[in-house]
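Please read the structure below before turning to the comments.
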Amino acid sequence: MPLTLPPPAGAHDPVTPEGHQEPVTPEHRASGPPSQAQPLLRQEAKGEEEEGEETGVQGAWGTATAEPGWRVWGKAAEAAAAEEGQGEARGAAAAGSGSPAGGAGGGRGSWRRLLAWLRRPPQCCPCAAPLPRSAAHCCHGGTKMAALAYNLGKREINHYFSVRSAKVLALVAVLLLAACHLASRRYRGNDSCEYLLSSGRFLGEKVWQPHSCMMHKYKISEAKNCLVDKHIAFIGDSRIRQLFYSFVKIINPQFKEEGNKHGNIPFEDKISSVKVDFLWHPEVNGSMKQCIKVWTEDSVAKPHVIVAGAATWSIKIHNGSNEALSQYKMNITSIAPLLEKLAKTSDVYWVLQDPVYEDLLSENRKMITNEKIDAYNEAAVSILNSSTRNSKSNVKMFSVSKLIAQETITESLDGLHLPESSRETSAMILMNVYCNKILKPVDGSCCQPRPPLTLIQKLAACFFTLSIIGYLIFYIIHRNTHRKNKPCTDLESGEEKKNIINTSVSPLEILLQSFCKLGLIMAYFYMCDRANLFMKENKFYTHSTFFIPIIYILVLGVFYNENTKETKVLNREQTDEWKGWMQLVILIYHISGASTFLPVYMHIRVLVAAYLFQTGYGHFSYFWIKGDFGIHRVCQVLFRLNFLVVVLCIVMDRPYQFYYFVPLVTVWFMVIYVTLALWPQIIQKKANGNCFWHFGLLLKLAFLLLCICFLAYSQGAFEKIFSLWPLSKCFELKGNVYEWWFRWRLDRYVVFHGMLFAFIYLALQKRQVLSEGKGEPLFSNKISNFLLFISVVSFLTYSIWASSCKNKAECNELHPSVSVVQILAFILIRNIPGYARSVYSSFFAWFGKISLELFICQYHIWLAADTRGILVLIPGNPMLNIIVSTFIFVCVAHEISQITNDLAQIIIPKDNSSLLKRLACIAAFFCGLLILSSIQDKSRH
């Protein structure tokens with residue numbers, strides 16, 4: 001007979017509005033994906049399941065929920081052995097359920113019993129999942145062996161590879177990678193400018209990726225702001241002149257390449273007082289030396305930046321003779337001390353010669369070969385780098401242009417001069433080298449020093465250090481106590497006597513342990529995105545980098561599926577699955593840089609709206625059914641939503657609004673709470689006695705919609721509200737609240753739609769209009785088919801519209817009104833067919849339980865430079881780097897989820913008097929934080 005696998009040990013009840021069915025609560029803990037064919041990770045089983053209460057936070061990325069345990073596989077083998085009447089097989093299955101004999105030491109015996117059992121004549125075999133009807137009657141020995149081997153193998157793997165072991169492996173990987181990067185920095189130097197000037201590669205055709213750091217693309221205003229009152233001088237031949245033109249066009253794109261090609265070319269921007277000169281000196285000779293010597297005199301104003309280089313004219317005029325190379329060496333030797341002297345007060349760059357495309361060279365340039373160019377470059381490097389007694393020359397070698405030219409010289413028109421795109425890249429590199437240390441752009445990590453620690457960061461480091469020391473002391477004391485009370489042997493009877501000890505874990509120990517682990521995790525956050533330890537790279541979008549991972553996770557999600565415990569609309573497993581696959585798609589969207597592709601951007605906007613829809617649906621369902629408007633509920637939700645973000649704001653020195661989705665969900669939760677908690681409080685129990693209360697609730701919702709419309713079209717009123725202190729400290733970004741208004745306005749109606757959908761659904765369910773039994777369509781066949789048809793058409797229509805938008809501004813204007821069409825269409829398609837409601841993807845559901853942590857943690861330990869780039873733990877191998885960084889990232893998110901749940905039980909007690917005391921302490925903490933933040937802001941200005 002076919003066997004189905006048992007439900008997860010830690011599975012929770014689905015979301016249903018009936019009285020006997022409690023909606024989901026954030027007390028549930030995040031765990032590994034329980035599935036019919038689940039991944040290797042499993043969490044250590046826990047003895048108690050946490051109580052469940054509500055739907056609300058669960059729909060808002062904010063639950064940080066987790067199941068208490070992962071099941072150990074092997075139950076199917078146990079049932080099969082029982083059916084065959086084999087005692088030994090029963091023992092093997094019992095070992096698979098977690099006993100030490102079968103787990104750690106019984107693997108070999110399990111496989112012996114498996115082989116002995118498989119020698120029996122073929123019979124109907126127990127399979128890991130129900131077989132099709134045609135194959136369910138009987139199957140051959142090969143299928144039997146595959147089915148039992150599948151379950152036994154899974155049992156053996158899961159015994160050794162659990163969530164705990166995965167996290168230990170992630171910790172070891174972090175320590176090894178940090179040690180390797182630290183050693184590499186000490187060996188190769190810690191100057192990212194060296195990498196920017198000397199190494200890199202192309203991402204695609206035109207995107208240049210420096211080694212280990214990110215290059216910022218400067219806009220006109222940024223370039224002028226950086227170069228105000230600055231003088232830049234370019235000295236050299238026609239190639240240096242090309243670089244001069246590209247550099248000037250960053251400041252003034254209208255500047256034309258005209259004038260005497262073999263003469264000096266001046267440029268000046270009088271508004272910003274920027275002066276850029278090109279000085280025609282095509283050979284390294286006495287003329288160039290005299291020009292440089294003038295700048296070394298104290299009475300003459302020196303340029304702030306000097307870019308020099310020449311060689312091709314010397315090769316051409318002297319027909320590539322060796323005598324010319326010898327003279328070049330002598331001339332450079334005489335100029336080198338002058339350049340060194342200038343380099344003490346100015347930035348001096350010597351541009352090495354780019355290769356040529358010999359096939360395109362004209363007859364009078366045929367003597368300029370790549371072999372000759374390499375010889376001249378070697379001479380320049382050897383002389384300039386050894387021109388000082390110091391270990392390192394102050395003159396910087398601009399050698400990266402050679403690498404750029406090697407990829408693009410074939411596009412040259414004459415074989416000598418580079419195409420415009422290559423010159424623009426070299427000019428942008430020069431701009432990064434000089435301006436990054438001045439403007440400190442977030443996505444320009446090259447040539448930037450590590451930001452100094454703020455006062456708040458120093459206090460946070462002291463707090464976490466003390467927490468780690470305190471926990472270690474507590475652990476040593478506890479261990480010594482445990483040793484004193486460990487079992488001892490009675491010599492007379494030979495029996496073990498055990499002292500009775502209290503094994504309960506104290507809140508102080510949980511608190512210290514949680515902050516100890518959190519301190520170590522925050523150190524990893526800081527190393528990844530603030531210290532210059534790990535590398536960062538730019539994003540580069542291609543269709544394959546986005547859609548191939550999407551297909552891959554879709555296959556995994558379909559493969560790991562299970563039957564739901566309940567078949568209600570938007571039951572717990574289904575909402576976890578929904579959050580999970582959306583979060584994975586958003587992660588892929590971020591790391592692939594797919595925001596540049598408008599159709600993908602618009603569909604991701606719908607996914608963000610869907611999370612807010614779940615916020616409205618979940619919180620409304622809880623308040624409507626439970627009627628619990630107590631302060632404990634509010635504090636619990638706010639803590640779980642904001643704990644990690646507040647810690648990161650302190651440790652990473654970022655404003656609260658930077659993590660925009662958490663403020664968004666927090667504000668909407670408070671809006672929902674105030675709307676339903678204000679007099680008259682209308683809940684389902686009251687409304688069931690008198691239908692008049694339904695109209696009262698609809699009036700409340702109508703008033704809420706009116707307020708949303710007013711704030712959406714009155715930017716001034718919105719900004720006045722959120723510019724008030726202390727709200728301004730939370731919602732300002734770059735000195736104003738415009739970004740917050742834009743984010744709020746983009747999805748202003750979808751929470752209201754979620755609340756309205758919950759009200760209509762619960763009303764229909766109460767009147768038994770819906771058929772939510774297992775395998776039953778939600779409505780009658782005709783109505784179900786009609787709604788399915790309408791949903792599919794609406795779904796496709798929105799996708800077509802989103803793909804045909806001309807620009808983001810046009811799409812964003814219509815998005816708030818039409819995004820609900822896509823969301824409702826998905827809900828109906830997912831829930832109308834009975835078979836669709838009866839299954840869910842445990843793979844997606846596992847990620848859905850930690851979706852909040854995944855969303856927040858990606859900012860700093862998966863992406864880099866505050867999501868602008870990609871964290872590089874393993875350079876030179878993008879695929880392996882993604883695998884390793886993703887593994888560590890997911891383990892960290894899961895651990896933070898557990899820490900949040902542990903701290904929530906301690907910091908937010910259910911006793912109101914204790915809770916009020918804690919709230920007073922929290923209020924004092926935030927007051928101190930605001931005062932310190934104000935002091936920091938004044939010191940920065």
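Chain lettering (A, B, ...) mirrors the order of the structure tokens, residue numbering begins at 1 for each chain separately, and ligand numbering begins at 1 in order of display.
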**Message:** Give me, as an MDAnalysis selection string, all polymer residues having an atom no more than 9 Å from A:Ser422, counting only C-alpha atoms and skipping those fewer than 6 positions away in the same chain.
**Reply:** chainID A and resid 206 401 404:405 408:409
Can you write just those residues out, N, CA and C atoms, as a PDB file, in the first residue's frame?
ATOM      1  N   LYS A 206      30.464  47.322 -22.004  1.00  0.00           N
ATOM      2  CA  LYS A 206      30.904  48.667 -21.637  1.00  0.00           C
ATOM      3  C   LYS A 206      31.032  48.901 -20.136  1.00  0.00           C
ATOM      4  N   SER A 401      44.418  51.415 -18.228  1.00  0.00           N
ATOM      5  CA  SER A 401      43.983  51.715 -19.597  1.00  0.00           C
ATOM      6  C   SER A 401      44.489  50.669 -20.584  1.00  0.00           C
ATOM      7  N   ILE A 404      41.931  47.938 -20.577  1.00  0.00           N
ATOM      8  CA  ILE A 404      40.727  48.388 -21.285  1.00  0.00           C
ATOM      9  C   ILE A 404      40.961  48.340 -22.786  1.00  0.00           C
ATOM     10  N   ALA A 405      42.138  48.811 -23.211  1.00  0.00           N
ATOM     11  CA  ALA A 405      42.438  48.865 -24.647  1.00  0.00           C
ATOM     12  C   ALA A 405      42.556  47.470 -25.254  1.00  0.00           C
ATOM     13  N   THR A 408      39.176  46.575 -26.385  1.00  0.00           N
ATOM     14  CA  THR A 408      38.409  47.462 -27.275  1.00  0.00           C
ATOM     15  C   THR A 408      39.202  47.999 -28.458  1.00  0.00           C
ATOM     16  N   ILE A 409      40.511  47.732 -28.547  1.00  0.00           N
ATOM     17  CA  ILE A 409      41.321  48.348 -29.597  1.00  0.00           C
ATOM     18  C   ILE A 409      40.877  47.906 -30.990  1.00  0.00           C
TER      19      ILE A 409
END
**Message:** Considering only strand (DSSP E or B) as DSSP defines it on the backbone, what residues of stretch 503-563 of chain A qualify? List them as a list of chain:residue names.
**Reply:**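 Selection result, strand (DSSP E or B) within stretch 503-563 of chain A: A:Met535, A:Lys536, A:Glu537, A:Asn538, A:Asn561, A:Glu562, A:Asn563.
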**Message:** With only C-alpha atoms as the counted atoms, please give the residues lying no more than 12 Å from A:Tyr611, apart from itself and same-chain residues fewer than 6 positions off, as a ChimeraX atom specification.
**Reply:** /A:56-62,575-576,578-583,586,604-605,617-618,661-662,664-665,668,747,750-751,753-754,819-820,823,848,851-852,855
Keeping C-alpha atoms for every residue in the selection just given, could you write it to a file as a PDB file, in the first residue's frame?
ATOM      1  CA  GLY A  56      -1.288  39.818  11.177  1.00  0.00           C
ATOM      2  CA  VAL A  57       2.475  40.188  11.239  1.00  0.00           C
ATOM      3  CA  GLN A  58       2.771  36.972   9.327  1.00  0.00           C
ATOM      4  CA  GLY A  59       1.612  38.775   6.223  1.00  0.00           C
ATOM      5  CA  ALA A  60       3.977  41.699   6.563  1.00  0.00           C
ATOM      6  CA  TRP A  61       7.454  40.217   6.405  1.00  0.00           C
ATOM      7  CA  GLY A  62       7.519  40.946  10.069  1.00  0.00           C
ATOM      8  CA  THR A 575       0.743  32.457   2.975  1.00  0.00           C
ATOM      9  CA  ASP A 576       4.189  31.247   4.067  1.00  0.00           C
ATOM     10  CA  TRP A 578       3.502  33.068  -0.996  1.00  0.00           C
ATOM     11  CA  LYS A 579       5.902  35.168   1.069  1.00  0.00           C
ATOM     12  CA  GLY A 580       8.726  32.719   0.426  1.00  0.00           C
ATOM     13  CA  TRP A 581       8.686  32.633  -3.355  1.00  0.00           C
ATOM     14  CA  MET A 582       8.137  36.376  -3.540  1.00  0.00           C
ATOM     15  CA  GLN A 583      11.115  36.977  -1.263  1.00  0.00           C
ATOM     16  CA  ILE A 586      13.015  39.878  -4.925  1.00  0.00           C
ATOM     17  CA  ILE A 604       8.540  43.304  -8.558  1.00  0.00           C
ATOM     18  CA  ARG A 605       6.490  46.335  -7.552  1.00  0.00           C
ATOM     19  CA  TYR A 617      -5.444  41.069   5.350  1.00  0.00           C
ATOM     20  CA  GLY A 618      -3.601  39.504   8.288  1.00  0.00           C
ATOM     21  CA  PHE A 661       9.863  48.543   3.991  1.00  0.00           C
ATOM     22  CA  VAL A 662       9.994  48.099   7.773  1.00  0.00           C
ATOM     23  CA  LEU A 664       6.223  51.241   5.789  1.00  0.00           C
ATOM     24  CA  VAL A 665       4.778  48.104   7.394  1.00  0.00           C
ATOM     25  CA  TRP A 668       0.448  50.653   8.211  1.00  0.00           C
ATOM     26  CA  ASP A 747       1.382  51.459  -2.612  1.00  0.00           C
ATOM     27  CA  VAL A 750      -3.117  48.071  -1.327  1.00  0.00           C
ATOM     28  CA  VAL A 751      -3.338  47.759   2.483  1.00  0.00           C
ATOM     29  CA  HIS A 753      -7.613  46.478  -0.360  1.00  0.00           C
ATOM     30  CA  GLY A 754      -6.227  43.756   1.905  1.00  0.00           C
ATOM     31  CA  SER A 819      -1.659  46.391  -8.681  1.00  0.00           C
ATOM     32  CA  VAL A 820      -4.578  44.903  -6.748  1.00  0.00           C
ATOM     33  CA  ILE A 823      -2.900  40.270  -6.540  1.00  0.00           C
ATOM     34  CA  GLY A 848       8.590  32.653   3.950  1.00  0.00           C
ATOM     35  CA  SER A 851      11.330  36.583   4.911  1.00  0.00           C
ATOM     36  CA  LEU A 852      11.756  39.691   7.088  1.00  0.00           C
ATOM     37  CA  PHE A 855      14.955  41.175   3.249  1.00  0.00           C
TER      38      PHE A 855
END
**Asked** So how far away is atom CA of A:Leu197 from atom CA of A:Ile368, in Å?
**Response**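 Computing it gives 24.5 Å between the two atoms.
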**DSSP alpha helix (DSSP H) residues within stretch 430-552 of chain A, as a PyMOL selection string** = chain A and resi 430-439+455-484+507-529+543-552
**Request:** For A:Ser784, please output as a ChimeraX atom specification all residues within 12 Å (counting only C-alpha atoms; exclusion window: fewer than 3 positions along the same chain).
**Result:** /A:770-771,776-781,787-791,828-834
Those same residues, written as a PDB file, in the first residue's frame with C-alpha atoms?
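Final output, again.pdb:
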ATOM      1  CA  LEU A 770     -17.655  29.184   0.204  1.00  0.00           C
ATOM      2  CA  SER A 771     -16.862  25.471  -0.200  1.00  0.00           C
ATOM      3  CA  GLU A 776     -13.718  21.042  -3.582  1.00  0.00           C
ATOM      4  CA  PRO A 777     -13.819  24.118  -5.824  1.00  0.00           C
ATOM      5  CA  LEU A 778     -14.404  27.334  -3.893  1.00  0.00           C
ATOM      6  CA  PHE A 779     -17.724  28.032  -5.669  1.00  0.00           C
ATOM      7  CA  SER A 780     -20.012  26.086  -7.926  1.00  0.00           C
ATOM      8  CA  ASN A 781     -18.418  24.776 -11.100  1.00  0.00           C
ATOM      9  CA  LEU A 787     -13.842  33.512 -12.048  1.00  0.00           C
ATOM     10  CA  LEU A 788     -10.808  31.503 -13.103  1.00  0.00           C
ATOM     11  CA  PHE A 789     -11.176  32.729 -16.670  1.00  0.00           C
ATOM     12  CA  ILE A 790     -11.530  36.348 -15.538  1.00  0.00           C
ATOM     13  CA  SER A 791      -8.521  35.971 -13.215  1.00  0.00           C
ATOM     14  CA  LEU A 828      -8.298  33.352  -7.025  1.00  0.00           C
ATOM     15  CA  ILE A 829      -6.148  31.206  -9.316  1.00  0.00           C
ATOM     16  CA  ARG A 830      -4.361  29.768  -6.290  1.00  0.00           C
ATOM     17  CA  ASN A 831      -7.504  29.081  -4.226  1.00  0.00           C
ATOM     18  CA  ILE A 832     -10.517  28.405  -6.440  1.00  0.00           C
ATOM     19  CA  PRO A 833      -9.444  24.883  -7.534  1.00  0.00           C
ATOM     20  CA  GLY A 834      -9.665  22.502  -4.572  1.00  0.00           C
TER      21      GLY A 834
END
Applying 7 Å and only C-alpha atoms, which residues near stretch 329-346 of chain A remain after dropping the ones on its own chain fewer than 6 positions away? List them as a CSV table (one decimal) with N, CA, C and O atoms, in the first residue's frame.
chain,number,residue,atom,x,y,z
A,284,VAL,N,58.8,62.6,-24.4
A,284,VAL,CA,59.5,62.8,-23.1
A,284,VAL,C,60.9,63.4,-23.4
A,284,VAL,O,61.8,62.7,-23.8
A,285,ASN,N,60.9,64.7,-23.4
A,285,ASN,CA,62.2,65.4,-23.7
A,285,ASN,C,62.4,66.6,-22.8
A,285,ASN,O,61.7,66.8,-21.8
A,289,LYS,N,60.2,68.3,-19.7
A,289,LYS,CA,60.9,68.5,-18.4
A,289,LYS,C,60.8,69.9,-17.9
A,289,LYS,O,60.6,70.2,-16.7
A,292,ILE,N,57.4,70.7,-16.5
A,292,ILE,CA,57.2,70.1,-15.1
A,292,ILE,C,58.0,70.9,-14.1
A,292,ILE,O,57.6,71.1,-13.0
A,293,LYS,N,59.2,71.3,-14.5
A,293,LYS,CA,60.1,72.0,-13.6
A,293,LYS,C,59.5,73.3,-13.1
A,293,LYS,O,59.7,73.7,-11.9
A,296,THR,N,57.4,72.9,-10.1
A,296,THR,CA,58.1,72.6,-8.8
A,296,THR,C,58.6,73.8,-8.1
A,296,THR,O,59.0,73.7,-6.9
A,303,PRO,N,49.3,72.4,-10.3
A,303,PRO,CA,48.0,71.8,-10.5
A,303,PRO,C,47.7,70.8,-9.4
A,303,PRO,O,48.6,70.2,-8.8
A,304,HIS,N,46.5,70.6,-9.1
A,304,HIS,CA,46.1,69.6,-8.1
A,304,HIS,C,46.2,68.2,-8.6
A,304,HIS,O,46.5,67.3,-7.8
A,305,VAL,N,46.0,68.0,-9.9
A,305,VAL,CA,46.2,66.7,-10.5
A,305,VAL,C,47.0,66.8,-11.8
A,305,VAL,O,46.7,67.7,-12.6
A,379,ALA,N,60.2,50.3,-19.3
A,379,ALA,CA,61.2,51.3,-19.0
A,379,ALA,C,60.6,52.3,-18.0
A,379,ALA,O,61.2,52.7,-17.0
A,380,ALA,N,59.4,52.8,-18.3
A,380,ALA,CA,58.8,53.8,-17.5
A,380,ALA,C,58.5,53.3,-16.1
A,380,ALA,O,58.7,54.0,-15.1
A,383,ILE,N,61.8,52.8,-14.0
A,383,ILE,CA,62.5,54.0,-13.6
A,383,ILE,C,61.6,54.8,-12.6
A,383,ILE,O,62.1,55.2,-11.5
A,384,LEU,N,60.3,55.0,-12.8
A,384,LEU,CA,59.5,55.8,-11.9
A,384,LEU,C,59.3,55.1,-10.6
A,384,LEU,O,59.2,55.7,-9.5
A,387,SER,N,62.6,55.5,-8.5
A,387,SER,CA,63.1,56.9,-8.5
A,387,SER,C,63.2,57.5,-7.1
A,387,SER,O,63.6,58.6,-6.9
A,394,ASN,N,55.7,57.8,-5.1
A,394,ASN,CA,54.5,58.6,-5.0
A,394,ASN,C,53.8,58.8,-6.3
A,394,ASN,O,52.6,59.2,-6.3
A,395,VAL,N,54.5,58.6,-7.4
A,395,VAL,CA,53.9,58.7,-8.7
A,395,VAL,C,53.1,57.4,-9.0
A,395,VAL,O,53.6,56.3,-9.0
**Request:** Figure out the distance between atom CA of A:Phe540 and atom CA of A:Val207, please, to one decimal in Å.
**Result:**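 Distance reported for this atom pair: 7.7 Å.
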**Message:** Using Å and a single decimal, report how far atom CA of A:Trp624 sits from atom CA of A:Leu641.
**Reply:**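 Separation between atom CA of A:Leu641 and atom CA of A:Trp624: 21.2 Å.
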Shell of 7 Å around A:Ile235, only C-alpha atoms, local chain residues under 5 positions omitted, as a PDB file with N, CA, C and O atoms, in the first residue's frame:
ATOM      1  N   ILE A 240      46.760  61.173 -24.791  1.00  0.00           N
ATOM      2  CA  ILE A 240      46.464  61.941 -23.576  1.00  0.00           C
ATOM      3  C   ILE A 240      45.433  63.024 -23.886  1.00  0.00           C
ATOM      4  O   ILE A 240      44.579  63.342 -23.052  1.00  0.00           O
ATOM      5  N   PHE A 278      45.086  70.978 -21.332  1.00  0.00           N
ATOM      6  CA  PHE A 278      45.892  69.976 -22.037  1.00  0.00           C
ATOM      7  C   PHE A 278      47.116  70.677 -22.601  1.00  0.00           C
ATOM      8  O   PHE A 278      47.012  71.692 -23.301  1.00  0.00           O
ATOM      9  N   LEU A 279      48.297  70.128 -22.289  1.00  0.00           N
ATOM     10  CA  LEU A 279      49.562  70.697 -22.754  1.00  0.00           C
ATOM     11  C   LEU A 279      50.206  69.718 -23.736  1.00  0.00           C
ATOM     12  O   LEU A 279      50.492  68.570 -23.379  1.00  0.00           O
ATOM     13  N   TRP A 280      50.433  70.180 -24.943  1.00  0.00           N
ATOM     14  CA  TRP A 280      50.937  69.318 -26.018  1.00  0.00           C
ATOM     15  C   TRP A 280      52.445  69.101 -25.865  1.00  0.00           C
ATOM     16  O   TRP A 280      53.255  69.981 -26.129  1.00  0.00           O
ATOM     17  N   HIS A 281      52.819  67.914 -25.413  1.00  0.00           N
ATOM     18  CA  HIS A 281      54.229  67.495 -25.306  1.00  0.00           C
ATOM     19  C   HIS A 281      54.278  66.018 -25.710  1.00  0.00           C
ATOM     20  O   HIS A 281      54.238  65.127 -24.842  1.00  0.00           O
ATOM     21  N   VAL A 307      48.310  64.525 -15.085  1.00  0.00           N
ATOM     22  CA  VAL A 307      48.215  63.266 -15.829  1.00  0.00           C
ATOM     23  C   VAL A 307      49.162  63.373 -17.010  1.00  0.00           C
ATOM     24  O   VAL A 307      48.978  64.228 -17.886  1.00  0.00           O
ATOM     25  N   ALA A 308      50.191  62.535 -17.052  1.00  0.00           N
ATOM     26  CA  ALA A 308      51.223  62.635 -18.099  1.00  0.00           C
ATOM     27  C   ALA A 308      51.466  61.272 -18.728  1.00  0.00           C
ATOM     28  O   ALA A 308      51.209  60.227 -18.121  1.00  0.00           O
ATOM     29  N   GLY A 309      51.993  61.318 -19.957  1.00  0.00           N
ATOM     30  CA  GLY A 309      52.346  60.090 -20.646  1.00  0.00           C
ATOM     31  C   GLY A 309      52.668  60.349 -22.100  1.00  0.00           C
ATOM     32  O   GLY A 309      52.047  61.195 -22.745  1.00  0.00           O
TER      33      GLY A 309
END
**Asked** Closest to A:Arg837 among A:Glu719, A:Asp937, A:Glu577, A:Asp628, using only C-alpha atoms?
**Response**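 So, comparing all the options, the nearest one is A:Glu577.
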